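J.: A single structure is presented below for examination.
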Amino acid sequence: MELKEKLQILAESAKYDASCSSSGSHGRGSSNLGNTSYAGICHSFSSDGRCISLLKILLTNACIFDCKYCINRKSNNIKRAIFTPEEICEITINFYRRNYIEGLFLSSGIIKSPDDTMNLLIETLQLLRGKYHFGGYIHVKAIPGASEHLLKKIGLLADRVSANIELSTENGLKLLAPNKSGDKVQKIMQYVKDNHNKDYVPAGQSTQMIIGATKESDLDIMNKSFSMYQNYRLKRVFYSAYIPINKDTLLPSLEIPPLKRENRLYQADWLLRYYGFKVSDILDEKNPNLNILVDPKASWALKHLQEFPKEVNTCSYQDLLHIPGIGVTSAKRIITSRRHFKLTFKDLKKMGVVLKRARYFITCNGKFDFNPEYFNKNFIEANLVLNDNVKQLTYGKQLQLF
Amino acid sequence: MANVYLYNGNFLNLLELINYLLSNNTRPFNIKPINYNADMFENIINLKLENKQDIIKLYLQLYDKYILKIIYYVFISNENNKELIIYYYLLNYPKYKNNLNYMRNLKCVSETLRISQKVSRENHKMKGFVRFVELKNKVLYAKIKPDNDILYLLSIHFKNRLKNEYWMIEDVERKIISIYDKQNFYIIKTSDLIINAHNKSVDEDEFASLWQLFYQTIGIKERKNLSCRQNFMPKKYWPYLLEVRDEL
């Protein structure tokens with residue numbers, strides 16, 4: 001098989017993994033070729049708008065597992081291919097020298113056994129780091145069920161090691177991924193967390209969950225994310241709208257992937273990590289799913305409208321973060337600036353604070369940016385939804401889903 | 001009087017001039033590089049400033065290092081009145097000292113920070129968007145066309161990243177080229193150099209087409225979102241991006 005055909009098959013099989021970040025690594029000292037950028041660098045953007053930072057490929061798409069949602073499952077009749085470690089190095093090095101990529105994202109189907117597969121991955125990484133003295137970013141997938149000594153080895157070669165949990169409940173996993181158990185994945189996470197230091201997986205670990213393949217609610221998903229952030233100190237949880245690649249009676253027959261839901265989950269995820277929200281603030285048993293029309297922070301604010309409007313010149317940093325449309329950067333700018341002068345709406349604009357959403361929830365020196373008589377839930381909600389609608393016209397098809 | 005002060009287009013010379021204006025309490029109507037075409041109401045003043053002192057050393061005594069970095073970023077931007085913006089920014093420094101950057105209600109401050117952020121962002125984007133072609137003699141060669149004059153900043157990045165390669169990056173708009181010899185990089189005029197860019201290495205076409213194939217393959221068609229792509233990767237950069245230039 002030609003290199004070209006292999007690349008096509010093994011990139012095709014790898015493309016459903018959401019992660020492509022190349023950030024968070026301080027690098028590994030001197031090397032002949034390449035370094036890492038702490039902020040990460042995007043090298044291109046694909047036709048779906050996702051960043052291309054890493055050469056995202058599988059070592060092989062042959063697999064002994066039969067996970068229902070996966071394109072590479074054993075029972076699928078697709079073309080299979082396998083790269084040799086040398087071939088992967090050749091492509092990686094040549095792409096890197098031409099500045100096409102920031103590094104390599106290597107995953108694999110499971111051939112023979114988890115340990116055999118891990119050994120092949122390790123061999124590839126050793127070649128890259130040893131023979132080619134490659135200092136660029138490497139993200140590698142750990143194979144569930146592999147032995148600890150292999151996990152130890154691979155973590156010393158890669159910047160990021162990750163294992164995908166895929167589904168937020170053990171029932172979901174049993175149903176769709178009978179060979180994979182949550183335990184095996186969490187064992188990897190635990191090991192990586194316990195051994196994490198500047199030489200071992202310096203960029204930390206991440207994971208991914210599929211959205212919409214099973215009946216799990218957003219509350220299940222967010223609870224799972226929150227517990228993983230706490231227990232395993234994950235850098236990121238990626239959410240991936242389920243795309244119906246395989247036909248199976250156990251799988252829903254969606255025509256369009258639930259992209260808006262995925263978007264809302266990411267927003268909620270950010271609220272957990274950077275805005276001091278708890279899962280119970282956003283979701284509860286009565287409302288287990290996120291509002292599709294309004295983003296989670298605005299939706300929280302509309303429910304707690306009695307706490308608004310906030311006076312930007314006096315309210316606390318935590319309160320600023322609770323205002324829809326105001327992020328960490330804006331909140332910090334407001335805090336530092338208001339020590340020196342009293343902020344007006346005009347000043348906020350000059351500071352780069354986006355008022356499109358925030359204007360309904362704040363006052364500057366006691367003044368509203370709109371007629372205060374309209375300060376009520378219906379008016380604000382209608383305006384927020386209308387504001388977004390212009391954008392959502394392009395998502396029109398998806399909205400019909402809900 | 002609409003006094004327009006000229007400098008020779010060089011960053012150090014601009015610092016020299018601004019320092020002169022500030023210490024003499026002179027308010028310029030504008031500050032422009034030497035090739036400036038004045039209109040009839042403007043009075044051109046071309047001071048011959050003696051390069052008596054180490055101007056960077058002087059600035060580092062007067063201002064925080066961070067401030068100096070910001071004004072350098074503004075200087076390499078493509079903004080129209082960048083020199084005057086730098087002047088007013090520094091004029092306000094003695095009053096606010098290192099709190100200056102919090103005073104975003106002052107136009108000179110908000111503009112300075114906006115421009116420097118714009119330059120820094122383009123620099124960051126270009127770190128990803130440079131595409132090298134390997135020539136027959138193994139030299140890597142790239143063409144770029146950024147809005148701002150970021151060739152120097154980019155060269156620092158690639159000096160660290162591709163330190164054991166010979167590379168050249170050409171800014172086609174400004175007609176300057178950065179050349180790296182595995183030790184240092186030098187920025188010279190393109191006209192001083194003849195490059196045969198068609199003289200590609202034997203593997204070049206193969207890897208270029210592998211990259212194009214990878215690019216085509218990695219997009220998920222069920223999630224197609226071209227406007228999102230264009231937001232992140234504006235069309236002005238496409239002519240030099242091998243994976244999308246055919247779509248133009």
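Going by the structure tokens order, chains are called A, B, ..., each with residues numbered from 1, while ligands are numbered from 1 in the order shown.
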Would you kindly report the residues of chain A within 6 Å of chain B, using only C-alpha atoms, as an NGL selection string?
T.: :A and (12 or 15 or 33-35 or 41-43 or 45-49 or 98-99 or 337 or 347 or 351)
J.: Got a sec: who's within 10 Å of Glu173 of chain B, counting only C-alpha atoms, leaving out chain neighbours fewer than 4 positions off, as a short mmCIF file (atom, residue, chain, number, x, y, z; two decimals) with N, CA, C and O atoms, in the first residue's frame?
T.:
```cif
data_model
loop_
_atom_site.label_atom_id
_atom_site.label_comp_id
_atom_site.auth_asym_id
_atom_site.auth_seq_id
_atom_site.Cartn_x
_atom_site.Cartn_y
_atom_site.Cartn_z
N LYS B 143 7.13 32.43 1.86
CA LYS B 143 6.68 33.79 1.55
C LYS B 143 5.52 34.13 2.47
O LYS B 143 4.63 33.31 2.68
N ILE B 144 5.51 35.35 2.99
CA ILE B 144 4.38 35.80 3.81
C ILE B 144 3.96 37.19 3.39
O ILE B 144 4.71 37.92 2.73
N LYS B 145 2.73 37.55 3.75
CA LYS B 145 2.25 38.89 3.45
C LYS B 145 1.42 39.39 4.63
O LYS B 145 0.20 39.48 4.54
N PRO B 146 2.07 39.67 5.75
CA PRO B 146 1.32 40.10 6.93
C PRO B 146 0.94 41.59 6.84
O PRO B 146 1.55 42.33 6.07
N ASP B 147 -0.06 41.98 7.62
CA ASP B 147 -0.45 43.40 7.66
C ASP B 147 0.63 44.24 8.32
O ASP B 147 0.89 45.36 7.95
N ASP B 149 4.58 44.71 10.27
CA ASP B 149 5.96 44.34 9.96
C ASP B 149 6.51 43.40 11.04
O ASP B 149 7.30 43.80 11.90
#
```
J.: From the DSSP assignment of the backbone, select every residue of segment 47-121 of chain A that is strand (DSSP E or B), and format the answer as a list of chain:residue names.
T.: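 Going through segment 47-121 of chain A, the strand (DSSP E or B) residues come out as A:Cys51, A:Ile52, A:Leu54, A:Leu55, A:Lys56, A:Ile57, A:Leu58, A:Thr60, A:Ile82, A:Gly103, A:Leu104, A:Phe105, A:Leu106, A:Ser107.
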J.: Which residues are close to Thr314 of chain A, i.e. within 10 Å by only C-alpha atoms, leaving aside same-chain residues fewer than 6 positions away? Reply as a list in words.
T.: Leu320, Ile335, Arg338, Arg339, Lys342, Cys364 and Asn365 of chain A
J.: Report, in Å with one decimal, the straight-line distance from atom CA of Tyr152 of chain B to atom CA of Ile187 of chain B.
T.: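 Answer for the atom CA of Tyr152 of chain B to atom CA of Ile187 of chain B separation: 7.6 Å.
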J.: Neighbours of Ser37 of chain A within 8 Å (only C-alpha atoms; same-chain residues fewer than 2 positions away dropped), as a PDB file with C-alpha atoms, in the first residue's frame?
T.:
```
ATOM      1  CA  SER A  22      -0.885  21.879  21.520  1.00  0.00           C
ATOM      2  CA  SER A  23      -0.702  24.065  24.594  1.00  0.00           C
ATOM      3  CA  GLY A  24       0.502  23.689  28.130  1.00  0.00           C
ATOM      4  CA  SER A  25       3.954  22.259  27.603  1.00  0.00           C
ATOM      5  CA  HIS A  26       7.147  24.022  28.556  1.00  0.00           C
ATOM      6  CA  GLY A  27       9.102  21.649  26.368  1.00  0.00           C
ATOM      7  CA  ASN A  35      10.106  23.133  20.447  1.00  0.00           C
ATOM      8  CA  ALA A  39       0.131  28.953  24.422  1.00  0.00           C
ATOM      9  CA  GLY A  40      -0.166  26.403  21.618  1.00  0.00           C
ATOM     10  CA  ILE A  41      -0.218  27.277  17.929  1.00  0.00           C
TER      11      ILE A  41
END
```
J.: Tell me which of B:Lys118, B:His198, B:Lys182, B:Lys136 sits closest to Glu79 of chain B, counting only C-alpha atoms.
T.: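 Of B:Lys118, B:His198, B:Lys182, B:Lys136, the one nearest Glu79 of chain B, counting only C-alpha atoms, is B:Lys118.
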J.: Find the distance between atom CA of Phe185 of chain B and atom CA of Asp159 of chain A and write it in Å to one decimal.
T.: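 These two atoms are separated by 29.2 Å.
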